[in-house]
Each structure stands twice: as C-alpha cells, then as structure tokens.
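Asker: Next comes run00.txt, compact mmCIF, C-alpha atoms:
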# COMPACT_ATOMS: atom_id res chain seq x y z
CA MET H 155 -39.31 -53.41 96.74
CA ASN H 156 -37.39 -53.99 93.55
CA THR H 157 -34.72 -51.44 92.62
CA VAL H 158 -33.91 -50.92 88.90
CA HIS H 159 -30.22 -50.56 88.47
CA GLN H 160 -28.80 -48.71 85.44
CA ARG H 161 -26.51 -50.86 83.34
CA PHE H 162 -22.92 -49.63 83.39
CA GLY H 163 -21.66 -48.73 79.98
CA PHE H 164 -18.01 -48.77 78.93
CA ASP H 165 -18.28 -45.72 76.70
CA THR H 166 -14.87 -44.36 77.73
CA VAL H 167 -11.67 -46.40 77.93
CA PHE H 168 -8.60 -45.17 79.80
CA ASP H 169 -5.04 -46.28 79.33
CA ASP H 170 -2.48 -47.03 82.04
CA ALA H 171 -1.53 -43.36 82.35
CA GLY H 172 -5.13 -42.37 82.91
CA ASP H 173 -5.59 -40.72 79.53
CA ILE H 174 -8.62 -41.42 77.37
CA ALA H 175 -7.73 -44.17 74.90
CA ALA H 176 -11.12 -44.53 73.27
CA GLN H 177 -14.46 -42.82 73.58
CA ALA H 178 -17.79 -43.68 72.11
CA PRO H 179 -19.31 -41.09 69.77
CA PRO H 180 -21.98 -38.88 71.27
CA ARG H 181 -25.43 -40.31 71.05
CA PRO H 182 -27.81 -38.51 68.73
CA LYS H 183 -30.14 -36.16 70.40
CA ARG H 184 -33.68 -37.52 70.49
CA THR H 185 -35.57 -34.47 71.69
CA TYR H 186 -35.34 -30.80 70.67
CA THR H 187 -36.77 -27.65 72.08
CA PRO H 188 -38.88 -25.40 69.80
CA GLU H 189 -36.02 -22.93 69.64
CA GLU H 190 -33.59 -25.66 68.54
CA VAL H 191 -36.04 -26.85 65.90
CA GLN H 192 -36.37 -23.32 64.55
CA ALA H 193 -32.58 -22.88 64.49
CA GLU H 194 -32.11 -26.20 62.64
CA ARG H 195 -34.78 -25.22 60.13
CA ALA H 196 -33.17 -21.84 59.48
CA GLN H 197 -29.75 -23.43 58.99
CA ALA H 198 -31.12 -26.04 56.58
CA TYR H 199 -32.92 -23.32 54.58
CA SER H 200 -29.74 -21.23 54.39
CA GLU H 201 -27.67 -24.18 53.21
CA GLY H 202 -30.29 -25.06 50.60
CA GLU H 203 -30.40 -21.48 49.36
CA ARG H 204 -26.62 -21.37 49.01
CA SER H 205 -26.74 -24.64 47.10
CA VAL H 206 -29.36 -23.30 44.66
CA VAL H 207 -27.36 -20.10 44.08
CA ALA H 208 -24.18 -22.10 43.50
CA ARG H 209 -25.92 -24.34 40.96
CA ALA H 210 -27.37 -21.28 39.19
CA GLU H 211 -23.94 -19.64 39.02
CA GLN H 212 -22.42 -22.82 37.64
CA ALA H 213 -25.18 -23.05 35.01
CA ALA H 214 -24.66 -19.40 34.04
CA ALA H 215 -20.90 -19.88 33.74
CA ALA H 216 -21.41 -22.95 31.56
CA ALA H 217 -23.90 -21.06 29.36
CA LEU H 218 -21.47 -18.14 28.92
CA ALA H 219 -18.66 -20.52 28.03
CA GLU H 220 -20.88 -22.17 25.40
CA ILE H 221 -21.86 -18.78 23.97
CA ALA H 222 -18.19 -17.76 23.75
CA THR H 223 -17.38 -21.02 21.95
CA GLN H 224 -20.20 -20.56 19.44
CA VAL H 225 -19.27 -16.91 18.79
CA LYS H 226 -15.63 -17.84 18.24
CA ALA H 227 -16.68 -20.56 15.80
CA ALA H 228 -18.90 -18.08 13.91
CA LEU H 229 -16.24 -15.36 13.51
CA PRO H 230 -14.63 -16.79 10.32
CA ALA H 231 -18.03 -17.01 8.62
CA LEU H 232 -18.85 -13.49 9.77
CA THR H 233 -15.52 -12.20 8.46
CA ASN H 234 -16.21 -13.79 5.06
CA LEU H 235 -19.70 -12.29 5.04
CA ILE H 236 -18.33 -8.82 5.76
CA HIS H 237 -15.73 -9.21 3.00
CA GLU H 238 -18.46 -10.28 0.55
CA HIS H 239 -20.48 -7.23 1.57
CA ARG H 240 -17.48 -4.96 0.95
CA THR H 241 -16.90 -6.58 -2.43
CA SER H 242 -20.57 -6.17 -3.37
CA SER H 243 -20.47 -2.54 -2.26
CA ALA H 244 -17.37 -1.96 -4.40
CA ASP H 245 -19.09 -3.53 -7.42
CA LEU H 246 -22.12 -1.33 -6.87
CA ALA H 247 -19.93 1.75 -6.56
CA LEU H 248 -18.13 0.86 -9.80
CA ALA H 249 -21.41 0.33 -11.63
CA CYS H 250 -22.74 3.67 -10.42
CA GLY H 251 -19.46 5.39 -11.28
CA ARG H 252 -19.46 3.96 -14.81
CA ALA H 253 -23.07 5.05 -15.35
CA ILE H 254 -22.48 8.57 -14.04
CA ALA H 255 -19.15 9.01 -15.86
CA GLY H 256 -20.59 7.63 -19.10
CA ALA H 257 -23.53 10.03 -19.00
CA ALA H 258 -21.25 12.97 -18.15
CA LEU H 259 -18.78 12.21 -20.96
CA GLU H 260 -21.59 11.75 -23.42
CA GLN H 261 -23.03 15.12 -22.45
CA PHE H 262 -19.67 16.96 -22.19
CA PRO H 263 -17.07 15.04 -24.25
CA GLU H 264 -14.75 18.05 -24.36
CA ALA H 265 -14.56 18.29 -20.55
CA PRO H 266 -11.58 15.91 -20.07
CA VAL H 267 -9.31 17.70 -22.57
CA ALA H 268 -10.32 21.07 -21.12
CA ALA H 269 -9.42 19.85 -17.64
CA ALA H 270 -6.08 18.60 -18.95
CA LEU H 271 -5.32 21.94 -20.56
CA THR H 272 -6.07 23.71 -17.28
CA ALA H 273 -3.80 21.34 -15.34
CA LEU H 274 -0.97 21.73 -17.88
CA ALA H 275 -1.29 25.50 -18.33
CA ARG H 276 2.01 26.29 -16.57
CA GLU H 277 3.89 23.62 -18.49
CA ILE H 278 2.73 24.66 -21.95
CA GLU H 279 2.50 28.43 -21.49
CA SER H 280 5.85 28.99 -23.22
CA GLN H 281 5.10 26.61 -26.11
CA PRO H 282 4.17 28.26 -29.43
CA ARG H 283 1.82 25.50 -30.47
CA LEU H 284 -0.38 22.81 -28.92
CA ILE H 285 -1.63 19.92 -31.04
CA VAL H 286 -4.80 18.23 -29.85
CA ARG H 287 -6.03 14.99 -31.41
CA VAL H 288 -9.60 13.88 -30.77
CA ASN H 289 -12.29 11.79 -32.43
CA GLY H 290 -13.42 13.34 -35.71
CA ASP H 291 -16.95 14.03 -34.47
CA LEU H 292 -15.59 16.25 -31.71
CA VAL H 293 -13.04 18.36 -33.60
CA GLU H 294 -15.11 21.55 -33.93
CA ARG H 295 -16.63 21.28 -30.48
CA THR H 296 -13.23 20.73 -28.89
CA ARG H 297 -11.62 23.61 -30.85
CA THR H 298 -14.28 26.03 -29.68
CA ALA H 299 -13.98 24.97 -26.06
CA LEU H 300 -10.16 25.07 -25.98
CA GLU H 301 -9.83 28.43 -27.73
CA GLY H 302 -12.09 30.08 -25.18
CA LEU H 303 -10.27 28.32 -22.32
CA ALA H 304 -6.84 29.29 -23.68
CA GLN H 305 -7.82 32.96 -23.66
CA SER H 306 -8.96 32.75 -20.04
CA LEU H 307 -5.69 30.99 -19.10
CA GLY H 308 -3.56 33.54 -20.93
CA TYR H 309 -2.05 30.97 -23.31
CA PRO H 310 -0.68 32.91 -26.30
CA GLY H 311 0.18 29.92 -28.49
CA GLN H 312 -1.76 28.35 -31.31
CA ILE H 313 -4.04 25.37 -30.66
CA LEU H 314 -4.46 22.90 -33.52
CA VAL H 315 -7.26 20.38 -33.14
CA LYS H 316 -6.91 17.37 -35.45
CA ASP H 317 -8.94 14.29 -36.20
CA GLU H 318 -7.61 11.04 -34.73
CA PRO H 319 -9.94 8.15 -35.70
CA ARG H 320 -8.38 5.75 -33.18
CA THR H 321 -9.19 8.07 -30.28
CA PRO H 322 -12.33 7.00 -28.36
CA PRO H 323 -15.11 9.50 -27.66
CA ALA H 324 -14.06 11.91 -24.87
CA GLY H 325 -10.47 10.67 -25.28
CA PHE H 326 -7.62 12.86 -26.50
CA ILE H 327 -3.89 13.17 -27.21
CA LEU H 328 -2.01 16.37 -26.38
CA ASP H 329 1.35 17.15 -27.94
CA TRP H 330 3.27 20.38 -27.20
CA GLY H 331 6.73 19.51 -28.42
CA ASP H 332 8.42 19.08 -25.05
CA GLY H 333 5.77 16.72 -23.74
CA ARG H 334 2.80 14.57 -24.46
CA ALA H 335 -0.37 13.54 -22.58
CA ALA H 336 -3.18 11.17 -23.46
CA PHE H 337 -6.49 10.05 -22.01
CA ASP H 338 -8.58 6.97 -22.79
CA PRO H 339 -11.82 6.75 -20.76
CA THR H 340 -11.96 2.95 -21.04
CA GLU H 341 -8.39 2.47 -19.84
CA ALA H 342 -8.88 5.00 -17.04
CA ALA H 343 -12.01 3.19 -15.85
CA GLY H 344 -10.10 -0.10 -15.93
CA ARG H 345 -7.29 1.32 -13.78
CA VAL H 346 -9.79 2.64 -11.25
CA GLU H 347 -11.54 -0.72 -11.11
CA ASN H 348 -8.28 -2.63 -10.67
CA ALA H 349 -7.12 -0.27 -7.91
CA LEU H 350 -10.42 -0.60 -6.06
CA ARG H 351 -10.51 -4.39 -6.31
CA THR H 352 -6.90 -4.62 -5.15
CA ALA H 353 -7.70 -2.44 -2.14
CA VAL H 354 -10.78 -4.51 -1.25
CA SER H 355 -8.84 -7.78 -1.58
CA ALA H 356 -6.01 -6.48 0.59
CA GLU H 357 -8.46 -5.29 3.22
CA GLY H 358 -10.12 -8.70 3.22
CA LEU H 359 -6.80 -10.33 4.15
CA HIS H 360 -5.61 -7.70 6.60
CA ALA H 361 -8.78 -6.02 7.84
CA GLU H 362 -9.09 -4.90 11.44
CA PRO H 363 -10.40 -7.59 13.80
CA ILE H 364 -14.13 -7.63 14.42
CA ASN H 365 -15.12 -6.21 17.79
CA LEU H 366 -18.49 -7.67 18.75
CA PHE H 367 -18.50 -6.01 22.16
CA PRO H 368 -17.24 -2.43 21.75
CA SER H 369 -16.75 -0.41 24.89
CA THR H 370 -19.38 2.22 25.55
Output the file's structure as structure tokens, nothing else.

Answerer:
Amino acid sequence: MNTVHQRFGFDTVFDDAGDIAAQAPPRPKRTYTPEEVQAERAQAYSEGERSVVARAEQAAAAALAEIATQVKAALPALTNLIHEHRTSSADLALACGRAIAGAALEQFPEAPVAAALTALAREIESQPRLIVRVNGDLVERTRTALEGLAQSLGYPGQILVKDEPRTPPAGFILDWGDGRAAFDPTEAAGRVENALRTAVSAEGLHAEPINLFPST
C-alpha cells in the first residue's frame, strides 16, 4: 500500500529568537459558500454605487464651476446692455417730455409767466409796478391772464405787459425794480436734458452691482 505524503512547505520562517522573520501571503480562497458569494456581491454593488455617485458629484461641481465662469465673463456685457437700456429710456422720456411740454406751451403760452407770478407773489407784493416782457403775439393774452391772477393774489401794483421780439413763445422777462426773472423754454429744456444725461452717465459708472441671484 502506497502512502501519499504531503510536501512540507516553508511558508513561515523563524529567526534565532523564535520570532517570525518571514511569512508567505495567505493563499487566495478557491471556494465560497453561497452566503459569502452574496456578501461579496453586495459589497461590490455598494462600492460601485458610491463610485457612480462620486463621479456624478464631480461632474456637477465641474458644471457649476463652468457656469460661474461663463456668468462672470458675461457680466460686463450685461452691465453695458443695462446702461444702454437706461440711456434709451432717458432719450424716450426726453422725447415724450418735449412733445408734451411743446403741446402744453402752444395751448397755454401764458401759463409759465402766470406760474412765475404766483411763485414771486411775496417778493413783489410791495412793488408798485411789475414789467412783463413777452413775445408780441402774446401781449394781450398775457395781460388779461396776469391782471386776473394779480387780483386773486392781492397784488395792488400795476402790471405793464410789453412786447419783446427776442423773447421766444411762452418765454418771458419779469422786472420789478428790486429783482428780475426770465424764462426761455428752449434753454430750460436743454438744462433738463443735460442734467438727465449727466445723471445717467454717472449711474453707468457707479451703478449698484448686478445681483443675478437675489435672496427670496
């Protein structure tokens, strides 16, 4: 009868003190129970799932970073666009204002001088005479309007309305001895336009920063 002897393996080496000096790595397991197979499968699935989630989070972070970069690059162009819109809105407002004011002054050319007389009533109430110079076509109309207004204001002085050819329609010059006031619709419109354009230009340089994501 032949006996099969198992070959001795030197997997572990001891030193002179009896401690382990070297040891072969464990041999891979060749057989698994169904429970071990199921456990290995579950672990592999969990690791794969974590890997997919990590890659998705990395992709999302990269996409958000790219969006932030593109938005930051677009802000100067957006700022210029907003400034152009403000400028266009100011131009439209000026055009509408000129049209409305022109129609109003054409319909009621005596209104500006009447408003001035009302505003200056306290200053001229002690003056014996008020000289008003307007365009020749408006002398009679202005005299009638101011005489009725002076009575309502309690102004006892005399109002003299004279022709001033250089005065534009709806413009006037007031002279009451101690003071003088004048109004030119064209110059007034120019001052309004200059003030508005200056304000729009200053806002374009120092406007509040654009907030694309306001808090809710």

Asker: Identify which of the residues H:Lys316, H:Glu277, H:Thr223, H:Arg240 lies closest to Ala353 of chain H, counting all atoms listed in the file when measuring atom-to-atom distances.

Answerer: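 Under the stated criterion, the closest residue is H:Arg240.
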
Asker: Can you work out the spacing between atom CA of Asp291 of chain H and atom CA of Leu248 of chain H in Å, to one decimal?

Answerer: 28.0 Å

Asker: For Thr340 of chain H, work out the shell of residues within 9 Å, counting all atoms listed in the file and skipping chain neighbours fewer than 5 positions away, then give it as a ChimeraX atom specification.

Answerer: /H:322,325,345

Asker: Could you tell me how far atom CA of Leu232 of chain H lies from atom CA of Leu350 of chain H, in Å and to one decimal?

Answerer: 22.1 Å

Asker: Anything within 10 Å of (-11.8, 12.9, -36.8): list those residues as a ChimeraX atom specification, counting all atoms listed in the file and sticking to the file's coordinates.

Answerer: /H:287-294,315-321

Asker: Would you mind telling me which residue in H:Asp338, H:Asp245, H:Glu357, H:Glu238 lies nearest to Pro263 of chain H when using only C-alpha atoms?

Answerer: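 The shortest atom-to-atom distance to Pro263 of chain H comes from H:Asp338.
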
Asker: Take atom CA of Pro266 of chain H and atom CA of Leu303 of chain H and report the distance between them in Å, one decimal.

Answerer: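 Computed distance, atom CA of Pro266 of chain H to atom CA of Leu303 of chain H, equals 12.7 Å.
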
Asker: From the set H:Pro339, H:Pro188, H:Gly333, H:Pro282, which residue has the shortest atom-to-atom contact distance to Ile313 of chain H, counting all atoms listed in the file?

Answerer: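 Of H:Pro339, H:Pro188, H:Gly333, H:Pro282, the one nearest Ile313 of chain H is H:Pro282, counting all atoms listed in the file.
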
Asker: Which residue gives the smallest distance to Ser306 of chain H among H:Ala349, H:Val225, H:Ala265, H:Leu271, with only C-alpha atoms counted?

Answerer: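 Result for the nearest residue to Ser306 of chain H: H:Leu271.
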
Asker: Considering all atoms listed in the file, return as a list in words whatever protein or nucleic-acid residues lie within 8 Å of Glu264 of chain H, sequence-local ones (same chain, fewer than 2 positions apart) excluded.

Answerer: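 My list of contacting residues is Leu259, Phe262, Pro266, Val267, Ala268, Leu292, Arg295, Thr296, Ala299 and Ala324 of chain H.
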